Structure formats: structure tokens, C-alpha cells
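One file, start_32.cif, is given below (mmCIF, C-alpha atoms and all ligand atoms).
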```cif
data_coords
#
loop_
_atom_site.label_atom_id
_atom_site.label_comp_id
_atom_site.auth_asym_id
_atom_site.auth_seq_id
_atom_site.Cartn_x
_atom_site.Cartn_y
_atom_site.Cartn_z
CA MET A 737 112.28 92.54 97.84
CA ASN A 738 115.45 92.64 95.73
CA SER A 739 115.17 92.66 91.98
CA SER A 740 116.96 89.55 90.71
CA SER A 741 119.71 91.63 89.04
CA GLN A 742 120.65 93.23 92.36
CA ALA A 743 119.88 90.46 94.81
CA PRO A 744 122.83 89.20 96.82
CA LEU A 745 124.47 86.10 95.47
CA LEU A 746 124.85 83.07 97.70
CA PHE A 747 128.02 81.04 97.26
CA ALA A 748 127.52 77.85 99.27
CA PHE A 749 130.41 75.53 99.96
CA PRO A 750 130.02 71.82 99.13
CA GLY A 751 127.75 69.90 101.48
CA HIS A 752 125.61 72.92 102.35
CA ARG A 753 122.86 72.43 99.78
CA THR A 754 119.96 71.98 102.21
CA ILE A 755 120.68 74.95 104.45
CA ALA A 756 121.63 77.04 101.38
CA ALA A 757 118.21 76.42 99.87
CA SER A 758 116.36 77.54 103.01
CA LEU A 759 118.66 80.50 103.61
CA GLY A 760 118.44 81.60 99.98
CA GLU A 761 114.67 81.44 100.00
CA ALA A 762 114.27 83.24 103.33
CA SER A 763 116.69 86.04 102.39
CA GLY A 764 115.87 86.43 98.71
CA LEU A 765 119.38 85.41 97.66
CA ARG A 766 120.23 84.13 94.19
CA PRO A 767 122.51 81.14 93.82
CA GLY A 768 126.07 82.16 92.96
CA GLU A 769 127.85 79.82 90.58
CA MET A 770 131.45 78.87 91.20
CA THR A 771 133.95 76.11 90.74
CA LEU A 772 135.96 74.92 93.71
CA ARG A 773 138.34 72.05 93.22
CA GLU A 774 141.80 70.82 93.98
CA PHE A 775 144.69 70.45 91.60
CA PRO A 776 146.39 67.03 91.77
CA ASP A 777 149.01 68.52 94.11
CA ARG A 778 146.14 69.65 96.41
CA GLU A 779 146.44 73.33 95.71
CA SER A 780 143.03 75.00 95.48
CA TYR A 781 141.37 76.15 92.27
CA VAL A 782 138.63 78.76 92.59
CA ARG A 783 136.57 80.29 89.79
CA VAL A 784 133.57 82.61 90.10
CA LEU A 785 131.09 82.00 87.28
CA SER A 786 128.31 84.45 88.20
CA ALA A 787 128.43 88.14 87.29
CA CYS A 788 128.91 89.71 90.71
CA GLU A 789 129.82 93.33 89.96
CA GLY A 790 127.89 95.69 92.21
CA ARG A 791 126.15 92.88 94.09
CA PRO A 792 126.68 91.67 97.64
CA ALA A 793 128.13 88.19 97.89
CA VAL A 794 127.23 85.89 100.77
CA LEU A 795 129.58 82.99 101.43
CA LEU A 796 128.05 80.05 103.32
CA CYS A 797 130.60 77.77 104.93
CA ALA A 798 130.51 75.95 108.27
CA LEU A 799 134.02 76.11 109.62
CA ASP A 800 134.30 72.74 111.29
CA ARG A 801 137.50 70.95 110.16
CA PRO A 802 138.50 74.42 109.07
CA ASP A 803 141.99 74.19 107.69
CA ASP A 804 141.01 72.61 104.37
CA LYS A 805 138.23 75.14 103.83
CA LEU A 806 140.01 78.33 104.74
CA LEU A 807 142.25 78.87 101.74
CA PRO A 808 139.45 78.29 99.22
CA LEU A 809 137.28 80.63 101.29
CA TYR A 810 139.97 83.29 101.28
CA PHE A 811 140.61 82.92 97.53
CA LEU A 812 136.88 83.12 96.84
CA ALA A 813 136.44 86.27 98.92
CA ARG A 814 139.46 87.94 97.27
CA THR A 815 138.22 87.01 93.80
CA LEU A 816 134.73 88.35 94.50
CA ARG A 817 136.15 91.64 95.71
CA GLU A 818 138.40 91.94 92.65
CA LEU A 819 135.43 91.18 90.39
CA GLY A 820 133.51 94.08 91.95
CA ALA A 821 131.16 92.49 94.49
CA SER A 822 129.80 95.35 96.58
CA SER A 823 130.44 93.45 99.81
CA VAL A 824 131.40 90.00 100.99
CA VAL A 825 129.56 88.57 104.00
CA LEU A 826 130.57 85.28 105.58
CA VAL A 827 127.84 83.11 107.05
CA ALA A 828 129.75 80.54 109.10
CA PRO A 829 127.06 78.81 111.17
CA TYR A 830 129.90 77.13 113.05
CA LEU A 831 132.85 79.40 113.69
CA ALA A 832 136.32 77.93 114.06
CA TYR A 833 139.23 78.86 116.29
CA MET A 834 137.26 80.12 119.26
CA ARG A 835 138.95 78.00 121.92
CA GLN A 836 142.56 79.16 121.99
CA ASP A 837 141.78 82.69 123.06
CA ARG A 838 144.67 82.94 125.47
CA ARG A 839 148.28 81.79 125.77
CA PHE A 840 147.62 79.04 128.33
CA LYS A 841 151.18 77.70 128.06
CA SER A 842 154.23 79.72 127.17
CA GLY A 843 154.89 79.86 123.45
CA GLU A 844 151.36 78.96 122.35
CA ALA A 845 149.71 80.72 119.41
CA VAL A 846 146.62 82.73 120.36
CA THR A 847 144.78 81.45 117.32
CA SER A 848 141.37 83.02 118.10
CA ARG A 849 142.85 86.46 117.72
CA TYR A 850 145.06 85.74 114.69
CA PHE A 851 142.18 84.02 112.94
CA ALA A 852 139.78 86.88 113.68
CA ASP A 853 142.33 89.43 112.36
CA TRP A 854 142.76 87.45 109.16
CA VAL A 855 139.05 86.88 108.49
CA SER A 856 138.29 90.55 109.25
CA ASP A 857 140.68 91.46 106.44
CA PHE A 858 138.87 89.61 103.70
CA VAL A 859 135.17 89.84 104.59
CA ASP A 860 132.93 92.82 105.36
CA GLY A 861 130.61 91.06 107.78
CA LEU A 862 130.22 87.83 109.69
CA ILE A 863 127.26 85.80 110.92
CA THR A 864 127.51 82.77 113.13
CA VAL A 865 125.56 80.67 115.63
CA ASP A 866 126.44 80.44 119.32
CA PRO A 867 130.20 80.81 119.03
CA HIS A 868 132.19 79.16 121.80
CA LEU A 869 132.64 82.32 123.86
CA HIS A 870 134.37 81.75 127.15
CA ARG A 871 136.89 84.38 128.05
CA ILE A 872 135.93 86.56 125.07
CA ARG A 873 132.48 87.98 125.79
CA ASP A 874 131.66 89.42 122.41
CA LEU A 875 132.83 88.68 118.87
CA ASN A 876 133.53 92.39 118.43
CA GLU A 877 136.37 92.08 120.91
CA ILE A 878 138.36 90.20 118.29
CA TYR A 879 136.57 90.67 114.94
CA ALA A 880 136.96 94.08 113.34
CA VAL A 881 133.95 93.66 111.02
CA SER A 882 130.23 93.89 111.83
CA SER A 883 128.83 90.62 113.04
CA ARG A 884 125.60 89.00 114.14
CA VAL A 885 125.29 86.05 116.48
CA VAL A 886 122.29 83.77 116.16
CA HIS A 887 121.25 82.01 119.37
CA ALA A 888 119.89 78.51 119.03
CA ALA A 889 118.15 78.44 122.44
CA ASP A 890 114.69 79.29 121.09
CA ALA A 891 114.85 76.69 118.33
CA LEU A 892 116.14 74.04 120.77
CA ALA A 893 113.37 74.85 123.22
CA ALA A 894 110.72 74.67 120.50
CA TRP A 895 112.03 71.29 119.33
CA ILE A 896 112.07 69.91 122.87
CA GLY A 897 108.52 71.22 123.48
CA ARG A 898 107.29 69.48 120.30
CA GLU A 899 109.17 66.21 120.51
CA ILE A 900 109.79 65.24 124.13
CA GLU A 901 107.24 64.21 126.69
CA ARG A 902 107.99 65.28 130.26
CA PRO A 903 111.52 66.46 129.56
CA VAL A 904 114.03 67.35 132.24
CA LEU A 905 117.00 69.19 130.78
CA ILE A 906 120.36 68.18 132.17
CA GLY A 907 123.57 70.16 132.02
CA PRO A 908 126.71 68.04 132.18
CA ASP A 909 128.58 70.44 134.48
CA SER A 910 128.25 73.73 136.31
CA GLU A 911 129.60 75.65 133.29
CA SER A 912 126.54 74.60 131.35
CA ARG A 913 124.09 75.98 133.95
CA GLN A 914 123.38 79.29 132.21
CA TRP A 915 122.98 77.68 128.82
CA VAL A 916 120.71 74.85 130.04
CA SER A 917 118.59 77.08 132.26
CA ASP A 918 117.97 79.44 129.35
CA VAL A 919 116.77 76.66 127.04
CA ALA A 920 114.70 75.13 129.87
CA SER A 921 112.92 78.36 130.69
CA ARG A 922 112.05 78.90 127.03
CA ALA A 923 110.75 75.31 126.82
CA GLY A 924 108.85 75.68 130.10
CA ALA A 925 110.67 72.56 131.29
CA PRO A 926 112.55 71.82 134.51
CA PHE A 927 116.31 71.51 134.45
CA THR A 928 119.10 70.26 136.61
CA VAL A 929 122.85 70.33 136.43
CA LEU A 930 125.08 67.43 137.44
CA GLU A 931 126.90 67.97 140.70
CA LYS A 932 130.47 66.82 140.92
CA THR A 933 132.17 66.07 144.21
CA ARG A 934 135.90 65.65 143.81
CA ARG A 935 137.65 63.70 146.56
CA GLY A 936 140.93 63.31 144.78
CA ASP A 937 142.46 63.46 141.30
CA ARG A 938 140.77 60.24 140.24
CA ASP A 939 137.95 60.10 142.72
CA VAL A 940 134.97 62.01 141.42
CA GLU A 941 131.36 61.40 142.32
CA VAL A 942 128.59 62.75 140.15
CA SER A 943 125.00 63.06 141.22
CA VAL A 944 121.73 64.47 139.99
CA PRO A 945 120.24 66.80 142.60
CA GLU A 946 116.77 65.70 143.72
CA LEU A 947 117.08 62.54 141.62
CA ASP A 948 113.71 61.09 142.72
CA ARG A 949 111.84 64.00 141.14
CA TRP A 950 113.21 63.17 137.68
CA LEU A 951 112.81 59.39 137.49
CA ASP A 952 109.57 59.63 135.50
CA HIS A 953 110.93 62.34 133.15
CA THR A 954 112.86 62.01 129.90
CA PRO A 955 116.40 63.23 130.48
CA VAL A 956 117.62 65.61 127.76
CA LEU A 957 121.31 66.47 127.72
CA VAL A 958 121.99 69.85 126.18
CA ASP A 959 125.37 71.22 125.15
CA ASP A 960 126.67 73.71 122.61
CA ILE A 961 129.24 71.47 120.92
CA ILE A 962 129.53 67.71 120.59
CA SER A 963 133.12 67.16 119.54
CA THR A 964 134.74 63.99 120.86
CA GLY A 965 131.42 63.20 122.53
CA ARG A 966 133.22 62.44 125.83
CA THR A 967 131.20 64.98 127.83
CA MET A 968 127.91 63.42 126.74
CA ILE A 969 129.18 59.82 126.91
CA GLU A 970 130.40 60.29 130.49
CA THR A 971 127.13 61.96 131.44
CA LEU A 972 125.07 59.15 129.86
CA GLY A 973 127.06 56.66 131.91
CA HIS A 974 126.36 58.56 135.13
CA LEU A 975 122.65 58.84 134.40
CA LYS A 976 122.44 55.14 133.65
CA ARG A 977 124.15 54.26 136.93
CA LEU A 978 121.71 56.53 138.74
CA GLY A 979 118.79 54.65 137.21
CA LEU A 980 117.43 57.30 134.83
CA PRO A 981 115.98 56.26 131.47
CA PRO A 982 118.16 56.68 128.31
CA ALA A 983 118.74 60.35 127.54
CA VAL A 984 118.13 62.37 124.41
CA CYS A 985 121.37 64.18 123.50
CA ILE A 986 121.06 67.61 121.92
CA GLY A 987 124.00 69.64 120.67
CA VAL A 988 123.95 72.86 118.71
CA HIS A 989 127.07 72.08 116.68
CA ALA A 990 127.58 68.56 115.30
CA VAL A 991 131.37 68.57 115.21
CA PHE A 992 131.64 64.82 115.91
CA ALA A 993 135.38 64.31 115.70
CA GLY A 994 136.47 60.84 114.55
CA ASN A 995 133.98 58.17 115.63
CA ALA A 996 132.25 60.38 118.18
CA TYR A 997 128.79 59.96 116.64
CA GLU A 998 129.00 56.15 116.60
CA ASP A 999 130.50 56.15 120.10
CA LEU A 1000 127.67 58.30 121.41
CA LYS A 1001 125.08 56.01 119.83
CA ALA A 1002 126.85 52.99 121.32
CA ALA A 1003 126.86 54.68 124.74
CA GLY A 1004 123.07 54.40 124.77
CA ALA A 1005 121.75 57.80 123.69
CA ALA A 1006 118.01 57.47 123.09
CA ARG A 1007 118.29 59.99 120.27
CA ILE A 1008 121.00 62.39 119.04
CA VAL A 1009 119.83 65.69 117.65
CA THR A 1010 121.72 68.74 116.41
CA CYS A 1011 121.07 72.03 114.65
CA ASN A 1012 122.01 72.37 110.98
CA THR A 1013 125.05 74.57 111.66
CA ILE A 1014 127.31 71.76 110.42
CA PRO A 1015 125.81 69.42 107.83
CA HIS A 1016 125.34 66.02 109.55
CA GLU A 1017 122.77 63.23 109.61
CA SER A 1018 121.78 64.21 113.16
CA ASN A 1019 120.60 67.67 112.01
CA ALA A 1020 116.95 68.05 113.03
CA ILE A 1021 116.68 71.67 114.12
CA ASP A 1022 116.63 74.19 111.30
CA LEU A 1023 118.26 77.54 112.03
CA ALA A 1024 118.04 78.88 108.47
CA PRO A 1025 115.16 81.29 109.29
CA HIS A 1026 117.20 82.74 112.17
CA LEU A 1027 120.29 83.04 109.97
CA ALA A 1028 118.20 84.74 107.30
CA GLU A 1029 116.91 87.28 109.78
CA ALA A 1030 120.45 88.01 110.99
CA LEU A 1031 121.70 88.25 107.41
CA ASN A 1032 118.99 90.69 106.37
CA ASP A 1033 119.77 92.81 109.40
CA LEU A 1034 123.49 92.83 108.68
CA LEU A 1035 122.99 93.61 104.99
CA ASP A 1036 120.79 96.53 106.08
CA GLU A 1037 123.51 97.83 108.35
CA LEU A 1038 126.06 97.53 105.53
CA GLY A 1039 123.67 99.36 103.19
CA GLN A 1040 123.58 96.29 100.97
CA ARG A 1041 119.85 95.61 100.72
CA ALA A 1042 118.18 97.00 97.64
C1 LIG A 1101 132.84 72.85 126.58
O1 LIG A 1101 133.15 73.95 127.03
C2 LIG A 1101 131.71 72.70 125.63
O2 LIG A 1101 130.56 73.35 126.09
C3 LIG A 1101 131.40 71.25 125.35
O3 LIG A 1101 130.98 70.63 126.56
C4 LIG A 1101 132.58 70.53 124.81
O4 LIG A 1101 133.11 71.23 123.73
C5 LIG A 1101 132.20 69.13 124.38
O5 LIG A 1101 133.34 68.49 123.90
P1 LIG A 1101 133.45 66.94 123.79
O6 LIG A 1101 132.33 66.46 122.93
O7 LIG A 1101 134.81 66.74 123.15
O8 LIG A 1101 133.40 66.37 125.18
#
```
Rewritten as C-alpha cells:
Amino acid sequence: MNSSSQAPLLFAFPGHRTIAASLGEASGLRPGEMTLREFPDRESYVRVLSACEGRPAVLLCALDRPDDKLLPLYFLARTLRELGASSVVLVAPYLAYMRQDRRFKSGEAVTSRYFADWVSDFVDGLITVDPHLHRIRDLNEIYAVSSRVVHAADALAAWIGREIERPVLIGPDSESRQWVSDVASRAGAPFTVLEKTRRGDRDVEVSVPELDRWLDHTPVLVDDIISTGRTMIETLGHLKRLGLPPAVCIGVHAVFAGNAYEDLKAAGAARIVTCNTIPHESNAIDLAPHLAEALNDLLDELGQRA
């Protein structure tokens, strides 16, 4: 265990109090004091109040709606380094800019790569949860610093096992098969993936394979991100038309753009549940112990654990 004078300091961004408390306790971190605010012209003001010389600093910031958070994060990391922190590790339970990993149309910015280059310049390590990896297989392909990825599958499976009677996990499309089958096998539950038959641009039929088998189960939709909610809302509609009972909707990352949360509730979700990677009222699955384990491991690798 760290002595309190050497223990890493945890600088948690606003809104992260609950997860900061569990992460701090599980990793033996001490709270880092800072002031973050905006000047009237909306420039950022950052001040580190804790003595950080010779101590690792851990920054906790979910990077949903990232653009307003990134400059303060950068200023904080730079300040900590100048004040002598022995390392700066970013815990971003939700990692931004993972989608645009290619130039899909001429002239587009490949923001995943630019963002990863920039972040790798001002932190020494990165921890996140289930980043949206599609064409990039591993964070190390774009991030130059050591990283750890926490997988939520175990925690999702445990929650489903505890809370849902006779669940059948449902993936909204074939891309979700791997993800849903993994959670299902950990939960010891059956799963199915919606089948789409496309007859034309606007003529798509969706079906649940072996529908009769699932009519007396509780459908549980599982996805990594709920952003606009359209994927889940469309799927709920299909399930309803097929005569299944209202589904429980589980997402790892509660992005919920605009009115997505209200829209999903209005679409008839029996329950909406997310992990606490982005602070939100739907958070019910705590990943702090997993983040703590990953953090301890990364600090070990960086030689930053006393
Ligand atoms: C797609 O690749 C993801 O796994 C999610 O299905 C998607 O991000 C959900 O987005 P939305 O909530 O906007 O439909």
C-alpha cells in the first residue's frame, strides 16, 4: 500500500464524484485538489492546488461531448508535468474520437489518429473501457503510450444473471454477434441476433431466428454505445411487432445524444441500464473495481507504484 505522501493523486473532472470515490478507494489514490472554471469569455482556467511533485497524477475524465473537456484536460496535464508529477495517467472510461479512423470521403480529417497523437503527447498512460474499435484492432496501433482496456462483458453478464429472469440476449445486427455472444456465454444465457433481409433500399424485413423459443424469455438488448438511441429504438419496435415482451436495454456507454434517453424510454424499453463509464442516471453497473485493477497494473508497468 502507498504511504499517503507518495500515493498517486486523483484529479476527477466535474460530475465524476461517485466513480472517483470507488476508484480512489480501490486503488489507494488520494484526492487531488484543483480548480477548473471558465473565464467570462469561455477560456479555461486551471489551477492545481495539491502538492504533486514526485507523485503520479491520475486524471479521471469520461470523454463524451469531448470538445469542451479537452482543453482543460490538456492544460491540467501540462501543469501537473511542469509542477513535477512523476507521471500523468488518463483514465477516460469513455474514449472519444474512435469512429473516424479512416478517410471515408475525400478531404475528411482522420480524427482518431490525430486525437491519439495529441493525447499521447501529454499523458504517459491511458485506461479506457471497451473503446469503439472497428477497423483499428488495438489502441496501440494509434496511441503511442501504454494503455489498458477494461472489458465490461463480465460485469454486464453478472448484472444480467442477478437481475433478469430467463433472459435472452439480443444483438441488434450481425456486427453485434461477437459482443452479444461473449456476454451471453459469461451469463450462461441464450442469445440471438436479429436477421435482416433487404429487398430494396427501403424494404427491409427483420426477424428473430427461432422466435417461438424466446416468447417466454425476457429480451435483453445489448450494445456498446447508446448514442442517438436509434439502433435500440428500431430494435424495440421490431421486437414489439414480433410479439415479444418489452425489452431491457443495456449499453456500456451512456452517450445519449440530445433526447435519446427520453426517446428510448418512450419507445417502450422495460428498463435502461448502463455502466458508469459516463455519469448518467441509467448507470447501474459499476466498473470502478475493473478500472482500479487496470490502473494498478499500468502504474506497475510505469514503475509508479510505491
Ligand atoms: C455501432 O457500431 C455501435 O455498436 C452502436 O450500435 C451505435 O453506436 C449505436 O448508436 P445509436 O444509439 O446512435 O443508434
Please build the interface table for chain A against ligand LIG 1101 (chain A) with a cut-off of 6 Å, listing for each qualifying residue the nearest atom pair and the distance in Å to one decimal; count only C-alpha atoms and all ligand atoms, order rows by chain and increasing number, and write it as CSV.
```
residue,atom,partner,partner_atom,distance
A:Asp959,CA,A:LIG1101,O2,5.7
A:Asp960,CA,A:LIG1101,O2,5.2
A:Ile961,CA,A:LIG1101,O4,4.8
A:Ile962,CA,A:LIG1101,O6,3.9
A:Ser963,CA,A:LIG1101,O6,3.6
A:Thr964,CA,A:LIG1101,O7,3.6
A:Gly965,CA,A:LIG1101,O6,3.4
A:Arg966,CA,A:LIG1101,O8,4.0
A:Thr967,CA,A:LIG1101,O8,3.7
```
Closest-contact table, region 808-904 of chain A side, partner region 748-762 of chain A, 10 Å, counting all atoms listed in the file, as a Markdown table:
```
| residue | atom | partner | partner_atom | distance |
| --- | --- | --- | --- | --- |
| A:Pro808 | CA | A:Phe749 | CA | 9.5 |
| A:Leu809 | CA | A:Phe749 | CA | 8.7 |
| A:Val827 | CA | A:Ala748 | CA | 9.4 |
```
Please return the centre and edge lengths, in Å to one decimal, of a box with edges along x, y and z that contains all listed atoms of region 1008-1014 of chain A, widened by 8 Å on every side, as AutoDock Vina command-line options.
```
--center_x 123.6 --center_y 68.5 --center_z 114.7 --size_x 23.5 --size_y 28.2 --size_z 24.6
```
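Atom pair CA of Gly1039 (chain A) / CA of Glu877 (chain A) has a distance of 23.0 Å (rounded to one decimal).
Comparing the minimum interatomic distances between Phe840 (chain A) and each of A:Ser943, A:Arg871, A:Gly907, A:Glu779, counting all atoms listed in the file, we find that A:Arg871 sits nearest.
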Computed interatomic separation between CA of Thr954 (chain A) and CA of Asp866 (chain A) (Å):
25.2 Å
Protein/DNA/RNA residues near (137.7, 74.9, 111.5), cut 7 Å, all atoms listed in the file, as a PyMOL selection string
chain A and resi 799-803+831-833
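Across the model, the gap from CA of Ser882 (chain A) to CA of Glu911 (chain A) is 28.2 Å.
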In terms of the shortest atom-to-atom distance over all atoms listed in the file, which of A:Val919, A:Leu746, A:Ala996, A:Leu807 is closest to Phe858 (chain A)?
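Nearest candidate to Phe858 (chain A) out of A:Val919, A:Leu746, A:Ala996, A:Leu807: A:Leu807.
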Within 10 Å of region 889-905 of chain A, counting all atoms listed in the file, which residues qualify if same-chain residues fewer than 3 places away don't, as a PyMOL selection string?
chain A and resi 866+886+908+915-929+949-958+960+983-988+1009-1011+1020-1023+1026
Let me make sure I understand: among A:Ala787, A:Leu972, A:Ala845, A:Ile863, which one has the smallest atom-to-atom distance to Asn1032 (chain A) if we use only C-alpha atoms?
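Smallest distance to Asn1032 (chain A) is found for A:Ile863.
Comparing the minimum interatomic distances between Leu812 (chain A) and each of A:Gly861, A:Gly768, A:Pro776, A:Gly790, counting all atoms listed in the file, we find that A:Gly768 sits nearest.
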Can you patch up region 894-905 of chain A, filling it in to all heavy atoms, and show the result as an mmCIF file, keeping the file's coordinate frame?
```cif
data_model
loop_
_atom_site.group_PDB
_atom_site.id
_atom_site.type_symbol
_atom_site.label_atom_id
_atom_site.label_comp_id
_atom_site.auth_asym_id
_atom_site.auth_seq_id
_atom_site.Cartn_x
_atom_site.Cartn_y
_atom_site.Cartn_z
ATOM 1 N N ALA A 894 111.921 75.008 121.278
ATOM 2 C CA ALA A 894 110.720 74.670 120.500
ATOM 3 C C ALA A 894 110.753 73.194 120.107
ATOM 4 O O ALA A 894 109.730 72.491 120.188
ATOM 5 C CB ALA A 894 110.645 75.554 119.257
ATOM 6 N N TRP A 895 111.924 72.709 119.717
ATOM 7 C CA TRP A 895 112.030 71.290 119.330
ATOM 8 C C TRP A 895 111.720 70.397 120.518
ATOM 9 O O TRP A 895 110.961 69.425 120.402
ATOM 10 C CB TRP A 895 113.438 71.005 118.774
ATOM 11 C CG TRP A 895 113.538 69.624 118.200
ATOM 12 C CD1 TRP A 895 113.301 69.246 116.911
ATOM 13 C CD2 TRP A 895 113.857 68.411 118.927
ATOM 14 N NE1 TRP A 895 113.457 67.887 116.775
ATOM 15 C CE2 TRP A 895 113.799 67.347 117.996
ATOM 16 C CE3 TRP A 895 114.181 68.130 120.241
ATOM 17 C CZ2 TRP A 895 114.064 66.035 118.355
ATOM 18 C CZ3 TRP A 895 114.435 66.806 120.607
ATOM 19 C CH2 TRP A 895 114.377 65.781 119.658
ATOM 20 N N ILE A 896 112.292 70.736 121.662
ATOM 21 C CA ILE A 896 112.070 69.910 122.870
ATOM 22 C C ILE A 896 110.578 69.910 123.222
ATOM 23 O O ILE A 896 109.990 68.869 123.507
ATOM 24 C CB ILE A 896 112.924 70.452 124.044
ATOM 25 C CG1 ILE A 896 114.405 70.196 123.764
ATOM 26 C CG2 ILE A 896 112.512 69.798 125.372
ATOM 27 C CD1 ILE A 896 115.366 70.934 124.688
ATOM 28 N N GLY A 897 109.950 71.102 123.156
ATOM 29 C CA GLY A 897 108.520 71.220 123.480
ATOM 30 C C GLY A 897 107.675 70.341 122.559
ATOM 31 O O GLY A 897 106.685 69.752 122.980
ATOM 32 N N ARG A 898 108.068 70.265 121.277
ATOM 33 C CA ARG A 898 107.290 69.480 120.300
ATOM 34 C C ARG A 898 107.526 67.986 120.446
ATOM 35 O O ARG A 898 106.629 67.188 120.273
ATOM 36 C CB ARG A 898 107.739 69.872 118.884
ATOM 37 C CG ARG A 898 106.963 70.970 118.228
ATOM 38 C CD ARG A 898 107.201 71.002 116.720
ATOM 39 N NE ARG A 898 108.557 70.737 116.293
ATOM 40 C CZ ARG A 898 109.507 71.649 116.167
ATOM 41 N NH1 ARG A 898 109.263 72.907 116.464
ATOM 42 N NH2 ARG A 898 110.710 71.319 115.740
ATOM 43 N N GLU A 899 108.774 67.610 120.700
ATOM 44 C CA GLU A 899 109.170 66.210 120.510
ATOM 45 C C GLU A 899 109.292 65.378 121.789
ATOM 46 O O GLU A 899 109.301 64.161 121.722
ATOM 47 C CB GLU A 899 110.548 66.159 119.802
ATOM 48 C CG GLU A 899 110.573 66.822 118.444
ATOM 49 C CD GLU A 899 110.004 65.924 117.352
ATOM 50 O OE1 GLU A 899 110.052 64.696 117.500
ATOM 51 O OE2 GLU A 899 109.487 66.489 116.367
ATOM 52 N N ILE A 900 109.472 66.025 122.934
ATOM 53 C CA ILE A 900 109.790 65.240 124.130
ATOM 54 C C ILE A 900 108.699 65.366 125.184
ATOM 55 O O ILE A 900 108.316 66.476 125.551
ATOM 56 C CB ILE A 900 111.126 65.708 124.778
ATOM 57 C CG1 ILE A 900 112.233 65.836 123.725
ATOM 58 C CG2 ILE A 900 111.542 64.771 125.916
ATOM 59 C CD1 ILE A 900 112.821 64.555 123.259
ATOM 60 N N GLU A 901 108.248 64.209 125.633
ATOM 61 C CA GLU A 901 107.240 64.210 126.690
ATOM 62 C C GLU A 901 107.924 64.268 128.050
ATOM 63 O O GLU A 901 108.886 63.532 128.293
ATOM 64 C CB GLU A 901 106.443 62.910 126.588
ATOM 65 C CG GLU A 901 104.964 63.136 126.771
ATOM 66 C CD GLU A 901 104.212 61.879 126.415
ATOM 67 O OE1 GLU A 901 104.192 61.536 125.211
ATOM 68 O OE2 GLU A 901 103.685 61.248 127.333
ATOM 69 N N ARG A 902 107.452 65.109 128.906
ATOM 70 C CA ARG A 902 107.990 65.280 130.260
ATOM 71 C C ARG A 902 109.521 65.372 130.282
ATOM 72 O O ARG A 902 110.213 64.563 130.906
ATOM 73 C CB ARG A 902 107.547 64.117 131.162
ATOM 74 C CG ARG A 902 106.072 64.204 131.538
ATOM 75 C CD ARG A 902 105.643 63.048 132.417
ATOM 76 N NE ARG A 902 106.140 63.153 133.784
ATOM 77 C CZ ARG A 902 105.648 63.973 134.690
ATOM 78 N NH1 ARG A 902 104.665 64.782 134.382
ATOM 79 N NH2 ARG A 902 106.131 64.002 135.918
ATOM 80 N N PRO A 903 110.059 66.357 129.568
ATOM 81 C CA PRO A 903 111.520 66.460 129.560
ATOM 82 C C PRO A 903 112.073 67.049 130.846
ATOM 83 O O PRO A 903 111.402 67.867 131.487
ATOM 84 C CB PRO A 903 111.783 67.438 128.399
ATOM 85 C CG PRO A 903 110.559 68.293 128.341
ATOM 86 C CD PRO A 903 109.413 67.424 128.794
ATOM 87 N N VAL A 904 113.255 66.600 131.244
ATOM 88 C CA VAL A 904 114.030 67.350 132.240
ATOM 89 C C VAL A 904 115.387 67.594 131.579
ATOM 90 O O VAL A 904 116.057 66.661 131.122
ATOM 91 C CB VAL A 904 114.178 66.614 133.589
ATOM 92 C CG1 VAL A 904 114.735 65.207 133.458
ATOM 93 C CG2 VAL A 904 115.074 67.440 134.524
ATOM 94 N N LEU A 905 115.741 68.863 131.449
ATOM 95 C CA LEU A 905 117.000 69.190 130.780
ATOM 96 C C LEU A 905 118.139 69.011 131.775
ATOM 97 O O LEU A 905 118.008 69.366 132.955
ATOM 98 C CB LEU A 905 116.967 70.633 130.265
ATOM 99 C CG LEU A 905 116.339 70.787 128.870
ATOM 100 C CD1 LEU A 905 114.911 70.296 128.835
ATOM 101 C CD2 LEU A 905 116.422 72.223 128.415
#
```
